[in-house]
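As structure tokens, the structure follows; a few thoughts come after it.
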Amino acid sequence: MARRVLLVEDEPSIVEAVSFILTRAGWTVHAHADGATALDRARAGAPELVVLDAMLPGRSGFDVLRDLRADPVTAAIPVLMLTARGQERDRDLALRLGATGFMTKPFANAELVAEVRRLAGG
Amino acid sequence: MTLGFETLVAASLAYVALLFAVAFLAERRQREGRGAWLRSPWVYTLSLSIYCTAWTFYGAVGYAARSGLEFLTIYLGPSLVMVGWWWTLRKLVRIGRTQRVTSIADLISSRFGKSAPLGALVTAIAVAGITPYIALQLQSISLSFAAIADRGENGLVAGDLRLVAFWTAVGLAAFTVLFGTRNLDPSERHHGIVIAIAVEAVVKLVALLAVGAFVVWGLAGGVAETLARIENAPVPMWTGERGRWAGLIFLSAAAFLTLPRMFQVMVVENDDERHLAVAGWAFPLYVFLMSLFVVPIAVVGLERLPAGSNPDLFVLTLPLAEGQEGLSLLSFLGGLSSATSMVIVATIALATMISNHIVAPLWLRARPAEQTAGELRRVVLIARRLSVAGVLALGYLYFRLTGAGTALSAIGLIAFAGVAQILPAMVGGVIWRGATARGAAAGLAAGATLWAWTLFLPSFGVLPASVMAEGAFGLSWLRPRALFGIEGLDPLLHSVMWSLLVNAGLFVLVSLVTFPTPLERLQGESFVNVFDRGPAPRALGRAAAEPEALLVFASRLLGRDAALDLFREEAERQGKSGHLPDTTPVFLARLERELAGSVGAAAAHAMVGGLAKGSEVSVDDLMAVAGEAQQIIEYSARLEQKSAEAERTARALREANAKLTRLAAQKDAFLSRISHELRTPMTAIRSFSAILREEDLRPDERRRFAGIVEAEAQRLTRLLDDLLDLSVLKEGRLSLDRREGYLSDVIDRALAAAGVLPGSGLRVIRDPSSEIVPVVTDLDRLAQVFINIVSNARKYCDAPSPELRIAVRRRAGEVIVDFVDNGRGIPAEERELVFESFTRLGGSWREGPDGAGLGLAICREVMARLGGSIAYLPGQGGAAFRVVLPAGLARAAE
């Protein structure tokens, strides 16, 4: 059974790129453009990993992360935070809120795959 | 040769009538405010000429006939004062104005702490010294009558002379009362009299010059001849007594400063201290002209007139003897002018002093204080009129008692020596802060006593011969002519030396060993440092209970406006017009209550009580207290102001700090946004570029990914373009390309560029006829704004069948273009944000990769540059933007 990744990202071209890369690496990718539906999906489906964009419309990626960690169902799911703002403050905030990994856009495709594999434990 | 008695009387009366007319007209001009020329430095200089009395008009020739050039000393003294003591004169004039000094007695009294005894003492000295001087003028008038009038076959008898003197005195009294005491002007200025005196100054100068010219060119036969005659004259021109010369020059200089009438015209009547600058050279010139022909007239008179003729009357008798009746009459009028002008001014000065320093204090002491408030004025006025009559009566009495025996110049010099006693106190008072009232009193009393003993009383002949020869009480060192055993001096010099020496010595000594009262200190300070106080500060009038004084006083404590309101209101309540109520007990009580708020009840009570009584507490004392209170109030107001300023500064700093913090946060947010907007397309480009390098892609995948890369690259380019655009706009470096066009064309272009075409999904509703509006503006930039708005509508309007309504209106010099769609619109809380950089609203975020959130920010900048505006228009159902273009811009550009 393919391992499932939940991708929370609002930029269509980035959704397409990440989906293509991870799918080719053997993952099943479920993409959501906003935090609310992504949270529902995470609770329902228990993905092995969440790839979470920091800049989402409405509720930000950090809000979503806080909610994930607050819910016992999702609290243990590893979360890889992606951000295009590239500021130290964002990295600190993400790690403090319980993100498992942190990557700055743009990234190398191989790096993303390696990081996803490391965080998902295999 | 004589002139008819009736002719002389008629001429005199006509002349006096002329003076009345001149004075009357001048006063009227002054009241009508058309009298600016009346206050010229020339009038001032001419008024100073009252120094030249009948004594100098007639007597100088007599003096020259007896003692040669010595008569010049009485002219040299004043001239030296005018030239060399100009600064002191200016100081006196300034003090006179700032302190509202009314006479020389007032000056001394005021300087030494408003001392009433000092004022009375100076007044007494002045009256004693000047009464003989007035008598001298009456004498000169009657003598001149006697000399030239023809009273038929019997000639003039003594009774006639007394009659002349009597009626002269009466006439002068009438004139002086009429023009000198008409009102109690606090400045004590009398423009009518000053002008009359100026006229008289001209008359006497012309008369003397005319007689002199007649003598030199008519009788002596020219200048050279005259000089030769002087050379051979029986009188030595140069007596060679240097001590007497120096003494006389000093004496006349002192008298010039201290004679009450000189003080009156020089200080009291002075309108402008700059007049002194002209008088400084013009007055010496005047006395030079007055003295020019004195010696020739004396020498020629001695030569031509029969032996035994009175040389004091040469000016009159010489032309008469030569048959020049007209010239003689002119000379007579000149003498009359000299006498009358002196008498008038001296009488005013003395009357002011008597009424202010003797009558008013006595009356105030005699009456209960509460009743004095309104009456003082009336009493002083009556006292002044009575004093005028009294002074002239005294002068007449003196004239009757002493007869016509004494030489004119002798009486004059005695008067000079008398008033010169005031000099130490006067000069010391204005230059030395340490001078005290006791010092001044001691000096004045001692000096006056010595003068009376050594000069004044002996001149009457009232001292017994034994006293003259052996001294009083048998003490030889008290001999009037040889005080302290010093003999052989000229009597005048002897008297002047001793009296002034003792006077000045005691003044200094007693001042050194006594302490001034606080008020003396205050007054001394303001006299000595009068120039430090800026130009002419306002001082209070002397009638203490006057409502004006209360008003000035209240203004200092309550503030000008509040005080004025209070007084005006009270005056209204009393049924009076204006702003000065009567000082009724009710009003005083009310004023006291008002003042209590500023200085406390006890102080207010003492002050108002003092002001209302006007005698016990000096007005200046109260003013000083009020001034201090005012300073304290001002100081605390300044402190408050300062702390308020500090608070304002702190607030401004806090605000600036908050603004900086906000700006820093905004900058951070802006950089984050830029970073995000740049990295997002880059991420897609980098990922797909790497993917595209791989071999195992399907062709359709390859095409699709290449398309995404291209689109994202375009998005990056647009973003950079927008950023540059915004930066140019924000810095104001945008150069506008203004052209004329029609609004309809601009809208057409915008719709096409935004991809809104028929059938494109967004239906555009327009009113073509309203759009035919000519505009002169940067058409491309305006189109850019429209494109942004239309694109937003196309992208974000979420209605099932999207519509955009474009409406154009013209209103009061503006062109208004409204864009309204039928979508959900923008939530109220986000409307503020749409014009900020990088704002894309929540619900529209996913809509597309082609907006970086800079569009409306750019629109706002563009409209600002075009002189218009863009704003969100609430309450239109959907999203609505209003673009306003100034029509004025279109006109101005042409």
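Chain labels A, B, ... are given in the sequence in which chains occur in the structure tokens; within each chain residues are numbered consecutively from 1, and ligands are likewise numbered from 1 in the order shown.
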For chain B against chain A, with a cut-off of 7 Å and counting only C-alpha atoms, what is the closest atom pair and its distance in Å to one decimal for every residue that makes the cut, ordered by chain and number, as a Markdown table?
```
| residue | atom | partner | partner_atom | distance |
| --- | --- | --- | --- | --- |
| B:Ser672 | CA | A:Arg85 | CA | 5.2 |
| B:Ser675 | CA | A:Arg85 | CA | 5.2 |
| B:His676 | CA | A:Ala84 | CA | 4.7 |
| B:Arg679 | CA | A:Ala84 | CA | 5.4 |
| B:Thr680 | CA | A:Ala84 | CA | 6.2 |
| B:Met682 | CA | A:Pro106 | CA | 6.1 |
| B:Thr683 | CA | A:Pro106 | CA | 4.0 |
| B:Ala684 | CA | A:Ile14 | CA | 5.2 |
| B:Arg686 | CA | A:Pro106 | CA | 6.8 |
| B:Ser687 | CA | A:Asn109 | CA | 6.0 |
| B:Phe688 | CA | A:Ala17 | CA | 6.5 |
| B:Ile708 | CA | A:Ser13 | CA | 6.8 |
| B:Gly842 | CA | A:Gly58 | CA | 5.3 |
| B:Trp845 | CA | A:Pro57 | CA | 5.8 |
| B:Arg846 | CA | A:Asp10 | CA | 6.3 |
```
Would you mind exporting all heavy atoms of the selected residues as a short mmCIF file (atom, residue, chain, number, x, y, z; two decimals), in the first residue's frame?
```
data_model
loop_
_atom_site.label_atom_id
_atom_site.label_comp_id
_atom_site.auth_asym_id
_atom_site.auth_seq_id
_atom_site.Cartn_x
_atom_site.Cartn_y
_atom_site.Cartn_z
N SER B 672 8.73 40.39 3.62
CA SER B 672 8.20 39.02 3.66
C SER B 672 7.34 38.76 2.44
O SER B 672 7.46 37.73 1.78
CB SER B 672 7.34 38.81 4.90
OG SER B 672 8.14 38.84 6.03
N SER B 675 9.41 38.57 -0.65
CA SER B 675 10.12 37.30 -0.64
C SER B 675 9.17 36.18 -1.07
O SER B 675 9.48 35.37 -1.95
CB SER B 675 10.67 37.05 0.76
OG SER B 675 11.10 35.73 0.86
N HIS B 676 7.99 36.21 -0.49
CA HIS B 676 7.01 35.18 -0.81
C HIS B 676 6.61 35.23 -2.27
O HIS B 676 6.57 34.21 -2.96
CB HIS B 676 5.79 35.36 0.09
CG HIS B 676 4.71 34.36 -0.15
ND1 HIS B 676 3.63 34.61 -0.97
CD2 HIS B 676 4.56 33.07 0.28
CE1 HIS B 676 2.86 33.55 -1.02
NE2 HIS B 676 3.41 32.59 -0.25
N ARG B 679 9.57 34.00 -4.39
CA ARG B 679 9.97 32.60 -4.21
C ARG B 679 8.91 31.62 -4.70
O ARG B 679 9.25 30.51 -5.13
CB ARG B 679 10.24 32.34 -2.73
CG ARG B 679 11.59 32.85 -2.27
CD ARG B 679 11.67 32.82 -0.75
NE ARG B 679 12.89 33.48 -0.28
CZ ARG B 679 14.03 32.83 -0.10
NH1 ARG B 679 14.12 31.54 -0.37
NH2 ARG B 679 15.10 33.48 0.34
N THR B 680 7.66 32.07 -4.61
CA THR B 680 6.60 31.14 -5.01
C THR B 680 6.73 30.73 -6.49
O THR B 680 6.84 29.53 -6.80
CB THR B 680 5.23 31.74 -4.69
OG1 THR B 680 5.16 31.94 -3.28
CG2 THR B 680 4.10 30.81 -5.12
N MET B 682 9.33 31.01 -8.31
CA MET B 682 10.66 30.40 -8.46
C MET B 682 10.63 28.93 -8.09
O MET B 682 11.29 28.08 -8.72
CB MET B 682 11.66 31.11 -7.54
CG MET B 682 11.94 32.53 -7.95
SD MET B 682 13.15 32.55 -9.25
CE MET B 682 14.55 33.05 -8.29
N THR B 683 9.86 28.64 -7.04
CA THR B 683 9.77 27.25 -6.58
C THR B 683 9.25 26.35 -7.71
O THR B 683 9.83 25.30 -8.02
CB THR B 683 8.83 27.17 -5.37
OG1 THR B 683 9.25 28.12 -4.41
CG2 THR B 683 8.82 25.78 -4.78
N ALA B 684 8.13 26.81 -8.32
CA ALA B 684 7.55 26.04 -9.42
C ALA B 684 8.55 25.92 -10.57
O ALA B 684 8.76 24.83 -11.14
CB ALA B 684 6.26 26.70 -9.89
N ARG B 686 11.84 26.13 -10.55
CA ARG B 686 12.98 25.27 -10.24
C ARG B 686 12.60 23.78 -10.28
O ARG B 686 13.29 22.96 -10.90
CB ARG B 686 13.52 25.63 -8.86
CG ARG B 686 14.77 24.86 -8.54
CD ARG B 686 15.41 25.31 -7.26
NE ARG B 686 16.55 24.48 -6.95
CZ ARG B 686 17.24 24.56 -5.83
NH1 ARG B 686 16.91 25.47 -4.92
NH2 ARG B 686 18.26 23.77 -5.61
N SER B 687 11.46 23.47 -9.66
CA SER B 687 11.02 22.08 -9.63
C SER B 687 10.80 21.53 -11.03
O SER B 687 11.34 20.48 -11.40
CB SER B 687 9.69 21.98 -8.87
OG SER B 687 9.93 21.80 -7.51
N PHE B 688 10.03 22.27 -11.81
CA PHE B 688 9.70 21.76 -13.15
C PHE B 688 10.91 21.78 -14.06
O PHE B 688 11.04 20.90 -14.93
CB PHE B 688 8.53 22.54 -13.76
CG PHE B 688 7.21 22.16 -13.15
CD1 PHE B 688 6.44 23.06 -12.46
CD2 PHE B 688 6.75 20.84 -13.27
CE1 PHE B 688 5.22 22.69 -11.89
CE2 PHE B 688 5.53 20.46 -12.71
CZ PHE B 688 4.79 21.38 -12.01
N ILE B 708 3.92 25.62 -17.62
CA ILE B 708 3.86 26.17 -16.26
C ILE B 708 5.10 27.05 -15.99
O ILE B 708 5.00 28.17 -15.45
CB ILE B 708 3.76 25.05 -15.21
CG1 ILE B 708 2.39 24.38 -15.32
CG2 ILE B 708 3.98 25.60 -13.81
CD1 ILE B 708 2.23 23.16 -14.43
N GLY B 842 -8.79 37.35 1.41
CA GLY B 842 -8.94 35.92 1.76
C GLY B 842 -9.68 35.10 0.73
O GLY B 842 -9.15 34.13 0.21
N TRP B 845 -7.99 34.45 -2.77
CA TRP B 845 -6.57 34.14 -2.79
C TRP B 845 -6.24 33.10 -3.88
O TRP B 845 -5.25 33.24 -4.60
CB TRP B 845 -6.18 33.58 -1.41
CG TRP B 845 -4.71 33.44 -1.23
CD1 TRP B 845 -4.00 32.28 -1.28
CD2 TRP B 845 -3.78 34.48 -1.02
NE1 TRP B 845 -2.70 32.53 -1.10
CE2 TRP B 845 -2.52 33.89 -0.93
CE3 TRP B 845 -3.89 35.88 -0.88
CZ2 TRP B 845 -1.36 34.63 -0.71
CZ3 TRP B 845 -2.74 36.57 -0.66
CH2 TRP B 845 -1.49 35.97 -0.57
N ARG B 846 -7.10 32.16 -3.97
CA ARG B 846 -6.77 31.05 -4.87
C ARG B 846 -6.96 31.41 -6.33
O ARG B 846 -6.63 30.63 -7.20
CB ARG B 846 -7.63 29.83 -4.54
CG ARG B 846 -9.06 29.89 -5.08
CD ARG B 846 -9.88 28.77 -4.61
NE ARG B 846 -10.25 28.97 -3.21
CZ ARG B 846 -11.05 28.15 -2.52
NH1 ARG B 846 -11.50 27.07 -3.07
NH2 ARG B 846 -11.37 28.40 -1.28
#
```
Coordinates-based distance that separates CA of Val295 (chain B) from CA of Gly68 (chain B) (Å, one decimal): 7.5 Å
With only C-alpha atoms as the counted atoms, please give the residues lying no more than 8 Å from Val64 (chain A), apart from itself and same-chain residues fewer than 3 positions off, as a PyMOL selection string. chain A and resi 35-36+39+59-61+67-68
Apply DSSP to the structure's backbone, then extract all residues of region 1-121 of chain A labelled strand (DSSP E) and return them as a PyMOL selection string. chain A and resi 3-8+27-32+49-53+79-83+101-104
What would the file look like if the residues just selected were written as an mmCIF file, in the first residue's frame with C-alpha atoms?
```cif
data_model
loop_
_atom_site.group_PDB
_atom_site.id
_atom_site.type_symbol
_atom_site.label_atom_id
_atom_site.label_comp_id
_atom_site.auth_asym_id
_atom_site.auth_seq_id
_atom_site.Cartn_x
_atom_site.Cartn_y
_atom_site.Cartn_z
ATOM 1 C CA ARG A 3 2.123 5.683 1.831
ATOM 2 C CA ARG A 4 -0.042 8.773 2.059
ATOM 3 C CA VAL A 5 1.131 12.384 2.184
ATOM 4 C CA LEU A 6 -1.229 15.277 2.908
ATOM 5 C CA LEU A 7 -0.129 18.383 0.974
ATOM 6 C CA VAL A 8 -1.558 21.712 2.164
ATOM 7 C CA TRP A 27 3.650 8.334 -2.319
ATOM 8 C CA THR A 28 -0.012 8.939 -2.578
ATOM 9 C CA VAL A 29 -0.509 12.718 -2.438
ATOM 10 C CA HIS A 30 -3.728 14.369 -1.266
ATOM 11 C CA ALA A 31 -3.596 18.105 -1.910
ATOM 12 C CA HIS A 32 -5.695 20.753 -0.204
ATOM 13 C CA LEU A 49 3.153 12.957 6.777
ATOM 14 C CA VAL A 50 1.774 16.459 6.303
ATOM 15 C CA VAL A 51 3.588 18.866 3.983
ATOM 16 C CA LEU A 52 2.311 22.277 5.090
ATOM 17 C CA ASP A 53 2.755 25.657 3.376
ATOM 18 C CA VAL A 79 4.787 17.815 9.680
ATOM 19 C CA LEU A 80 7.164 19.282 7.088
ATOM 20 C CA MET A 81 6.736 23.062 6.958
ATOM 21 C CA LEU A 82 7.382 24.885 3.694
ATOM 22 C CA THR A 83 7.824 28.603 3.567
ATOM 23 C CA GLY A 101 10.909 19.542 9.533
ATOM 24 C CA PHE A 102 11.303 22.906 7.816
ATOM 25 C CA MET A 103 12.189 23.746 4.178
ATOM 26 C CA THR A 104 12.553 27.014 2.372
#
```
Using DSSP assignments from the backbone, pull out every residue in chain A that falls under alpha helix (DSSP H) and give it to me as an MDAnalysis selection string. chainID A and resid 12:24 35:45 61:70 88:96 109:119
Using only C-alpha atoms, which protein or nucleic acid residues come within 10 Å of region 753-767 of chain B? Drop anything in the same chain fewer than 3 positions from it, and give the result as a PyMOL selection string. chain B and resi 744+747-750+770-772+783-784+786-795+797+799-808+819-821
Could you list, as a list of chain:residue names, every residue within 10 Å of Arg96 (chain A), counting only C-alpha atoms and ignoring same-chain residues fewer than 5 positions away?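 Contacts, in chain order: A:Arg66, A:Asp90, A:Arg91.
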Put those residues in a file: all heavy atoms, as a compact mmCIF listing (two decimals), in the first residue's frame.
```txt
# COMPACT_ATOMS: atom_id res chain seq x y z
N ARG A 66 -0.76 24.34 14.69
CA ARG A 66 -1.15 24.38 16.09
C ARG A 66 -2.36 23.44 16.32
O ARG A 66 -2.39 22.69 17.29
CB ARG A 66 -1.50 25.82 16.47
CG ARG A 66 -1.51 26.06 17.98
CD ARG A 66 -1.86 27.50 18.31
NE ARG A 66 -0.82 28.46 17.99
CZ ARG A 66 -0.92 29.42 17.09
NH1 ARG A 66 -2.03 29.55 16.38
NH2 ARG A 66 0.08 30.26 16.85
N ASP A 90 10.29 32.57 11.04
CA ASP A 90 9.32 31.55 10.63
C ASP A 90 9.79 30.16 11.05
O ASP A 90 9.02 29.35 11.54
CB ASP A 90 9.13 31.58 9.10
CG ASP A 90 8.19 32.70 8.70
OD1 ASP A 90 7.80 33.48 9.60
OD2 ASP A 90 7.86 32.81 7.50
N ARG A 91 11.12 29.91 10.85
CA ARG A 91 11.67 28.59 11.24
C ARG A 91 11.50 28.36 12.74
O ARG A 91 11.00 27.32 13.17
CB ARG A 91 13.16 28.55 10.87
CG ARG A 91 13.85 27.26 11.32
CD ARG A 91 15.34 27.35 11.07
NE ARG A 91 15.66 27.23 9.66
CZ ARG A 91 15.90 26.06 9.05
NH1 ARG A 91 15.85 24.93 9.72
NH2 ARG A 91 16.20 26.03 7.77
```
Residues within 12 Å of Glu832 (chain B), please, as a list in words. Count only C-alpha atoms; anything in the same chain fewer than 2 positions from it doesn't count. Ile826, Pro827, Ala828, Glu829, Glu830, Val834, Phe835, Glu836, Ser837, Thr839, Leu841, Leu856, Ala857, Ala871, Tyr872, Leu873 and Pro874 of chain B
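Excluding Val380 (chain B) and any residue on its chain fewer than 6 positions from it, the residues at most 8 Å away by only C-alpha atoms are Ser355, Asn356, Val359 and Ala360 of chain B.
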In terms of only C-alpha atoms, the residue from B:Leu866, B:Ala233, B:Leu121, B:Leu336 at minimal distance from Ala437 (chain B) is B:Leu121
Atom pair CA of Arg24 (chain A) + CA of Arg117 (chain A), distance 13.0 Å
Quick check, in Å to one decimal: how far apart do CA of Ser337 (chain B) and CA of Thr176 (chain B) lie?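 It comes out at 14.3 Å.
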